[in-house]
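Structure, as structure tokens:
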There are 4 protein chains.
Amino acid sequence: MLVKMRRDATPDEVKTVESKLHDLGFKTGRLEGTELTLVGVYGDISKLPAGEIAELPGVDQLIPISRAYKRVSQKGGPDKPIYATVSIGKVVCGGDALAVIAGPCSVESEPQIMEAARLVKEAGADALRGGVVKYRSSPYSGWEGLGASDAESLKQGLALIVKAGRTFGLPTVVEILDQADLRIYEDAGVDCLQIGEPNSKNQALLNALRTTPLPVIHKRGNSLDTEAYLLWVERMMTGGKENVILCERGIASCNRYTRNTLDVGSIAAFRYQLSGLPVAVDASHGTGIRDLVHPVTLAGILAGASVVLTESHPNPLIAKSDGHQGLFPEQLAALVKAARATWTLRRELDASYLPSATLDLAYKDRMAEDRQRFFGK
Amino acid sequence: MLVKMRRDATPDEVKTVESKLHDLGFKTGRLEGTELTLVGVYGDISKLPAGEIAELPGVDQLIPISRAYKRVSQKGGPDKPIYATVSIGKVVCGGDALAVIAGPCSVESEPQIMEAARLVKEAGADALRGGVVKYRSSPYSGWEGLGASDAESLKQGLALIVKAGRTFGLPTVVEILDQADLRIYEDAGVDCLQIGEPNSKNQALLNALRTTPLPVIHKRGNSLDTEAYLLWVERMMTGGKENVILCERGIASCNRYTRNTLDVGSIAAFRYQLSGLPVAVDASHGTGIRDLVHPVTLAGILAGASVVLTESHPNPLIAKSDGHQGLFPEQLAALVKAARATWTLRRELDASYLPSATLDLAYKDRMAEDRQRFFGK
Amino acid sequence: MLVKMRRDATPDEVKTVESKLHDLGFKTGRLEGTELTLVGVYGDISKLPAGEIAELPGVDQLIPISRAYKRVSQKGGPDKPIYATVSIGKVVCGGDALAVIAGPCSVESEPQIMEAARLVKEAGADALRGGVVKYRSSPYSGWEGLGASDAESLKQGLALIVKAGRTFGLPTVVEILDQADLRIYEDAGVDCLQIGEPNSKNQALLNALRTTPLPVIHKRGNSLDTEAYLLWVERMMTGGKENVILCERGIASCNRYTRNTLDVGSIAAFRYQLSGLPVAVDASHGTGIRDLVHPVTLAGILAGASVVLTESHPNPLIAKSDGHQGLFPEQLAALVKAARATWTLRRELDASYLPSATLDLAYKDRMAEDRQRFFGK
Amino acid sequence: MLVKMRRDATPDEVKTVESKLHDLGFKTGRLEGTELTLVGVYGDISKLPAGEIAELPGVDQLIPISRAYKRVSQKGGPDKPIYATVSIGKVVCGGDALAVIAGPCSVESEPQIMEAARLVKEAGADALRGGVVKYRSSPYSGWEGLGASDAESLKQGLALIVKAGRTFGLPTVVEILDQADLRIYEDAGVDCLQIGEPNSKNQALLNALRTTPLPVIHKRGNSLDTEAYLLWVERMMTGGKENVILCERGIASCNRYTRNTLDVGSIAAFRYQLSGLPVAVDASHGTGIRDLVHPVTLAGILAGASVVLTESHPNPLIAKSDGHQGLFPEQLAALVKAARATWTLRRELDASYLPSATLDLAYKDRMAEDRQRFFGK
């Protein structure tokens, strides 16, 4: 965090800011430009009383600097590879095992979600997903989910997926669209909430989820840079919340063939450089094409994901929404098997991954010698 | 709208769908493929009981086709240049005069918003904007608006801008972030609501605004295609709501220099091809650079905007948010004057705009002759 | 320009670099980090013997900093509004008058280009454009221009447009695709070369054009940031070339409705902040839709363009390429008239444009007072 | 391919077009609209004499339809999984083994490239890459490769990498920037040419490479849609050329953290749906961050790549270009080992990949039954 002083701030005002920060336990550094002074603040920024500092005389504004997502990154990064785990019911995400969450785009009826859950269990997946209220890009699509009409329908829809999950021993993941419904989701016994892509920057929703004990899967908005997304995730965590799972589900680009562009570079950055939180890959939305879900999911695991989110349906040809990207039951079973094999490989390979930090100094010491060898100087 | 029949639908099921649609007053066309049959539906799709049709035997799903935003487009387009007007208080948007809405990014204090309003009035603008709850990309920015803490603070913040607007005879435009607050905004006497870019696809918010009598400025999401955006606007209008204003405020692209990429092509498409709704241009967010707001706003007017949305501040150097893009008071006055001159020019030029439809047939008749002239055949 | 020293560079090596730069007439500044030292170089970077500096002991690399496009920007910017002019034959671009360049996508036959030229002249435009070799996104489109087969066909095709231009007193603008053909274009009597979007980063072509006396219109690549594009333009100018015209013709984005996204923010940045070179707007490729060319061209002029590039055809319905975006003759005439009226307005408005630099100090002086007024502190 | 008839075409003209196509061995289908008629052409479009058809009376234009890249796709796709192989020297790409091509961004001196080659060999890679003329985004970077000044320097630079490759038994891959230099590259004994991203749409270069016997790695332009790219690749292959390797190296997007966005969805689409050509993954440019190259390369292999292209340097800290993304020697060795393990896994997994085509009919047959089960109708 940088404290930007006003251009007319006095030296005394700068000193007051620094003293205040020291009193609060932060370290500071000063950058004096010809125009104005910046005070750098070091320490656990998540505990900085920003409003209080902003009110001090001479302060212009607080500027979040790169890696301002302190809580998102606190347990991770190359220097501190202690990764967090987040539990969805009894399923541990980010731990030793890969977690696979599968299920239909939407809960369509009791027999449908029961059969879907049975097949998810049979395929070897760990948790059940299913939407009760659905985003639809057109208001005329004729289907917005069982729970779209009112609070009562929402309760009934949630009850169906919770029943299906419990019947087959699968924790449940359901998307929430409106903060006003939070209590209904919590009371229904859902095991994990999901923030969909269209709500990735929904400030009211993110603020409200700060206090829920439920874990949250937060999908990256499709026009958010890698780090800009982490700042929105950080918003949810500022009050102390820890059980959050990152999710890459594809971003917007020049691509027309695939629905979105799944960004494995960001998955790798989350895993190896920026965060300690578990990362989910959603290749269903990331490609929008049923037959690409398999290879792209596996790619996501090797890039760094430890959670798989995928759409499957007992018969996707009659799905009420997103049937083109839902897996057939046999495809789901094949994917779970392949994903677990890929996970095993990744755990082996992780042991041999060599970050630059382990080599950098040695090569720095050789710079003069190598320069002489290669360029004669 | 297309009704996609199941691949195993019987000819009788297709006929039943067609009969049902005819009974409802729609015309239909049939497209028989080797795999399945599509039934095209013609008429006012906004009145189609989509759920009912989707339930008929043999129906797979309803597919919205291009221009499925029937209500967005109903009064406009090249063939029917009868453009809609939307009133914000006593200010008419989309009519004979250009409407300029200016004001600070956020309402910061009573003296600040009163002074801002005075300067907006003095500059010759028509309405006052100002945020009471603010989006912040970082949760550590230390300022989320006067109304961020609770309902009471929201009421007090709204009261300030309403007072400022009324004092200077300016209707007020304020952003709403959460549908649960709608009644508070309505009761406060705000004259127009704004949906910000991060909430452009917030389904719960859009659904809730269907019933407000207040006009709504709906900002385009920065990764939404021209027509995809109109479908989200359409969502708000399906129940009969008419007083909606489109707003282009920049989209995501490869650009780094400007904050966003203001898309004049879409403004022109909204105005001349796709919609009858008034279109606003917001060059403050569209460029993010104070000194580009002036030329880019004028560009937006000639492209087709009839509403200008711009950020200004009594002294942007001390603004609590977005100070880098807020206009100085003198710049606002210069912009309003230039915008009105540009509007005068556009109205003159519109008379000489020649859409292809007026020429197409004549050149079709000359095709053979011209081919002979140019290519000897 | 920054000179980045190696991490193991000695203080003496840093001093040697600084001395060398001083001897060459540059000023320097030193930035000492904990890891390494950077030497900032100030002066006309286009005259810096970069290779020589890079070879000095202890130097790691040279880092171009923002605004490294010294020649592109040398005559412009907010502080120095002395804009360059570039002549295409007798037509002056960037001067007091707007220059309109129109003509068919491709030269299709002698009668076609003669008729096209006649109509361009009649419409009141200033110069004639037409491609003799054409980019085609598919190799199966069946038409790659009259000059596509060999050098002889290229000469003949060029002769046709030059003849047409001279007959009607219009200088000619033709795209060049391969540096190996440069002499053929020069000998043919073409008045201006164009670099198309697909070749915007074609280093061999840009290097070769450094020595041509012909003016060059360099179209921005559709994935190049505003400033990254200027660096590619700068490449052509490093050897002393001055007669270059910038051209915005649309960039890639989430948009599907329009072919590309015309970026008026960059046009404004070129004109008001980054460059003194004339700027052309090409709304034909910028939108790809005939009926949007008119409003979007006018938008480009108010944003800062002083050159209009547009496709027109005697009968676009029989054009061999890009017929969907070529203007009908009557539309061209209407556009030229409207563009000149817009230009007149812009020249009037430019007088009242207030850059922040003229206001900034006054508002800085008021910061304390305004803070007291608004926030009581 | 569609033949679009003119709107005034006579029924006889349509018939003549169809007869001509039948005579040439193509099948046709007719789509009669209210405005005009389209004739669909089925067969090996790469053999269609497009110019000849375009000249027939009544023909307006030829419209390439999706999958117009007939030669790119001829050996592949879900129905015909017979994948092509391309040989670079003795290394077979696209066959049973993974091919790893590594080496420095640029050939900097003889000792440097010899040492680089030695380390590439030692790491277990298969071929050596290195640029002799380099793209530089700034013309002031002070280094454009050993071969940048003239033909003689190009020959000498090429000789160095060829010598290094032959010394260590590694075929060589070098980028070509200008078609005029083709003979020099061929004569130098280079084993494979590379088309860089900036030249992905360089029509003159692609046309010239149609006749080279050397294999070509064609990098995807960073704003080209999946299929649009394949059409540019197809251009090179129209004359019969077969030894082409696709390469995904990242596309432009909203991302700032990584240099580009590596698109595994397109890699999967190339491999499993659109093409039979070998696919290379270049995570060096795809991420631009040394420590992300490892996981993202592995992701690319599981998505469908069978060729790895990666930058490595004996000491990247002193590399003259792109040092931030070049691997340290130990990292290269770790990557090659991990890549081969990943390849082994992918070959195992490919056996269990279930494309929808194998399941679709069975689920179609169950649609009525499932609908009854789930929805009671």
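Labels used: A, B, ... for chains in the order of the structure tokens, numbers from 1 for residues in each chain, and numbers from 1 for ligands as shown.
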Inset, instruction - Do me a favour and pick out the residues of chain A within 6 Å of chain B, using only C-alpha atoms, as number ranges by chain. - result: A: 50-51, 62, 138-139, 141-142, 178, 198, 201, 204, 223, 231, 235
Inset, instruction - For A:Asp187, work out the shell of residues within 10 Å, counting only C-alpha atoms and skipping chain neighbours fewer than 4 positions away, then give it as JSON, numbers by chain. - result: {"A": [155, 158, 159, 182, 183]}
What would the file look like if the residues just selected were written as a PDB file, in the first residue's frame with N, CA and C atoms?
ATOM      1  N   LYS A 155     -36.412 -22.306  -2.153  1.00  0.00           N
ATOM      2  CA  LYS A 155     -36.260 -23.288  -1.062  1.00  0.00           C
ATOM      3  C   LYS A 155     -36.500 -24.706  -1.557  1.00  0.00           C
ATOM      4  N   LEU A 158     -33.610 -25.864  -3.818  1.00  0.00           N
ATOM      5  CA  LEU A 158     -32.423 -26.173  -3.021  1.00  0.00           C
ATOM      6  C   LEU A 158     -32.604 -27.494  -2.275  1.00  0.00           C
ATOM      7  N   ALA A 159     -33.824 -27.701  -1.780  1.00  0.00           N
ATOM      8  CA  ALA A 159     -34.093 -28.945  -1.039  1.00  0.00           C
ATOM      9  C   ALA A 159     -33.830 -30.171  -1.909  1.00  0.00           C
ATOM     10  N   LEU A 182     -29.098 -15.082   0.857  1.00  0.00           N
ATOM     11  CA  LEU A 182     -28.041 -15.835   1.530  1.00  0.00           C
ATOM     12  C   LEU A 182     -28.571 -16.765   2.618  1.00  0.00           C
ATOM     13  N   ARG A 183     -29.445 -16.231   3.485  1.00  0.00           N
ATOM     14  CA  ARG A 183     -29.956 -17.039   4.583  1.00  0.00           C
ATOM     15  C   ARG A 183     -30.695 -18.291   4.060  1.00  0.00           C
TER      16      ARG A 183
END
Inset, instruction - Kindly give the distance, in Å, that separates atom CA of A:Thr297 and atom CA of A:Asp282, rounded to a single decimal. - result: 7.1 Å
Legend entry - Among the residues A:Glu110, A:Glu330, A:Asp96, A:Asp23, the one that comes closest to A:Gly157 [using only C-alpha atoms]: A:Glu110
Inset, instruction - Name the residues in contact with C:Gln331 at a cut-off of 10 Å, using only C-alpha atoms, excluding same-chain residues fewer than 3 positions from it; report them as a count of residues only. - result: 19
Using only C-alpha atoms, determine which residues lie at most 10 Å from B:Ala303, disregarding the query and same-chain residues fewer than 5 positions distant; provide the list as a tab-separated table (two decimals) with N, CA, C and O atoms, in the first residue's frame.
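What ended up in part14.tsv:
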chain	number	residue	atom	x	y	z
B	263	ASP	N	-16.44	2.33	-27.69
B	263	ASP	CA	-16.82	1.66	-28.92
B	263	ASP	C	-17.86	2.47	-29.69
B	263	ASP	O	-19.07	2.25	-29.55
B	264	VAL	N	-17.39	3.39	-30.52
B	264	VAL	CA	-18.34	4.23	-31.28
B	264	VAL	C	-19.09	3.43	-32.33
B	264	VAL	O	-20.20	3.81	-32.73
B	265	GLY	N	-18.51	2.33	-32.80
B	265	GLY	CA	-19.22	1.49	-33.75
B	265	GLY	C	-20.51	0.96	-33.16
B	265	GLY	O	-21.56	0.92	-33.83
B	266	SER	N	-20.47	0.55	-31.90
B	266	SER	CA	-21.69	0.07	-31.26
B	266	SER	C	-22.67	1.21	-31.01
B	266	SER	O	-23.88	1.03	-31.14
B	267	ILE	N	-22.16	2.39	-30.65
B	267	ILE	CA	-23.07	3.53	-30.49
B	267	ILE	C	-23.82	3.76	-31.80
B	267	ILE	O	-25.05	3.91	-31.81
B	268	ALA	N	-23.09	3.76	-32.91
B	268	ALA	CA	-23.73	3.96	-34.22
B	268	ALA	C	-24.70	2.83	-34.53
B	268	ALA	O	-25.79	3.06	-35.06
B	269	ALA	N	-24.33	1.61	-34.18
B	269	ALA	CA	-25.23	0.47	-34.43
B	269	ALA	C	-26.50	0.60	-33.61
B	269	ALA	O	-27.61	0.36	-34.09
B	270	PHE	N	-26.37	1.00	-32.33
B	270	PHE	CA	-27.56	1.19	-31.50
B	270	PHE	C	-28.48	2.23	-32.16
B	270	PHE	O	-29.67	2.04	-32.29
B	271	ARG	N	-27.90	3.34	-32.56
B	271	ARG	CA	-28.68	4.48	-33.04
B	271	ARG	C	-29.28	4.26	-34.43
B	271	ARG	O	-30.43	4.60	-34.68
B	272	TYR	N	-28.46	3.66	-35.32
B	272	TYR	CA	-28.91	3.61	-36.71
B	272	TYR	C	-29.44	2.24	-37.13
B	272	TYR	O	-30.01	2.12	-38.20
B	281	VAL	N	-23.18	8.35	-23.97
B	281	VAL	CA	-21.75	8.08	-24.09
B	281	VAL	C	-21.08	8.53	-22.80
B	281	VAL	O	-21.31	9.64	-22.32
B	297	THR	N	-15.97	12.38	-26.08
B	297	THR	CA	-17.40	12.64	-25.89
B	297	THR	C	-18.01	13.17	-27.19
B	297	THR	O	-19.07	12.72	-27.63
B	298	LEU	N	-17.33	14.13	-27.80
B	298	LEU	CA	-17.86	14.69	-29.05
B	298	LEU	C	-17.95	13.62	-30.13
B	298	LEU	O	-18.91	13.56	-30.90
B	346	ARG	N	-24.94	17.50	-35.69
B	346	ARG	CA	-25.44	16.17	-35.99
B	346	ARG	C	-26.87	16.19	-36.48
B	346	ARG	O	-27.25	15.44	-37.38
C	292	LEU	N	-22.66	1.98	-41.26
C	292	LEU	CA	-22.05	2.57	-40.06
C	292	LEU	C	-20.83	3.42	-40.41
C	292	LEU	O	-20.28	4.12	-39.56
C	293	VAL	N	-20.39	3.35	-41.66
C	293	VAL	CA	-19.18	4.09	-42.05
C	293	VAL	C	-19.36	5.59	-41.87
C	293	VAL	O	-18.46	6.29	-41.38
C	294	HIS	N	-20.53	6.09	-42.24
C	294	HIS	CA	-20.79	7.53	-42.17
C	294	HIS	C	-20.67	8.06	-40.74
C	294	HIS	O	-19.79	8.89	-40.46
C	295	PRO	N	-21.49	7.60	-39.79
C	295	PRO	CA	-21.38	8.18	-38.45
C	295	PRO	C	-20.03	7.91	-37.79
C	295	PRO	O	-19.52	8.77	-37.05
C	296	VAL	N	-19.44	6.76	-38.03
C	296	VAL	CA	-18.18	6.44	-37.34
C	296	VAL	C	-17.02	7.25	-37.92
C	296	VAL	O	-16.10	7.65	-37.20
C	297	THR	N	-17.05	7.54	-39.21
C	297	THR	CA	-16.02	8.42	-39.78
C	297	THR	C	-16.09	9.80	-39.14
C	297	THR	O	-15.06	10.37	-38.73
C	298	LEU	N	-17.30	10.33	-39.02
C	298	LEU	CA	-17.45	11.66	-38.43
C	298	LEU	C	-16.97	11.65	-36.97
C	298	LEU	O	-16.32	12.59	-36.51
C	299	ALA	N	-17.27	10.58	-36.27
C	299	ALA	CA	-16.79	10.45	-34.89
C	299	ALA	C	-15.26	10.51	-34.86
C	299	ALA	O	-14.67	11.16	-34.00
C	300	GLY	N	-14.64	9.82	-35.80
C	300	GLY	CA	-13.18	9.81	-35.85
C	300	GLY	C	-12.60	11.20	-36.08
C	300	GLY	O	-11.56	11.56	-35.51
C	302	LEU	N	-13.95	14.10	-35.12
C	302	LEU	CA	-14.04	14.89	-33.88
C	302	LEU	C	-13.09	14.37	-32.81
C	302	LEU	O	-12.65	15.10	-31.94
Inset, instruction - Among the residues of stretch 180-369 of chain D, find those DSSP assigns to alpha helix (DSSP H) from the backbone and print them as a ChimeraX atom specification. - result: /D:182-188,203-209,226-237,264-269,283-287,290-303,329-350,360-365,367-369
Legend entry - Secondary structure check, strand (DSSP E) residues of stretch 33-204 of chain C, as an MDAnalysis selection string: chainID C and resid 37:42 59:63 86:88 91:93 99:103 127:129 172:175 192:195
Legend entry - Distance query D:Gly43 at most 8 Å, only C-alpha atoms, self and fewer than 2 positions along chain excluded, as a PyMOL selection string: chain D and resi 25-27+41+45
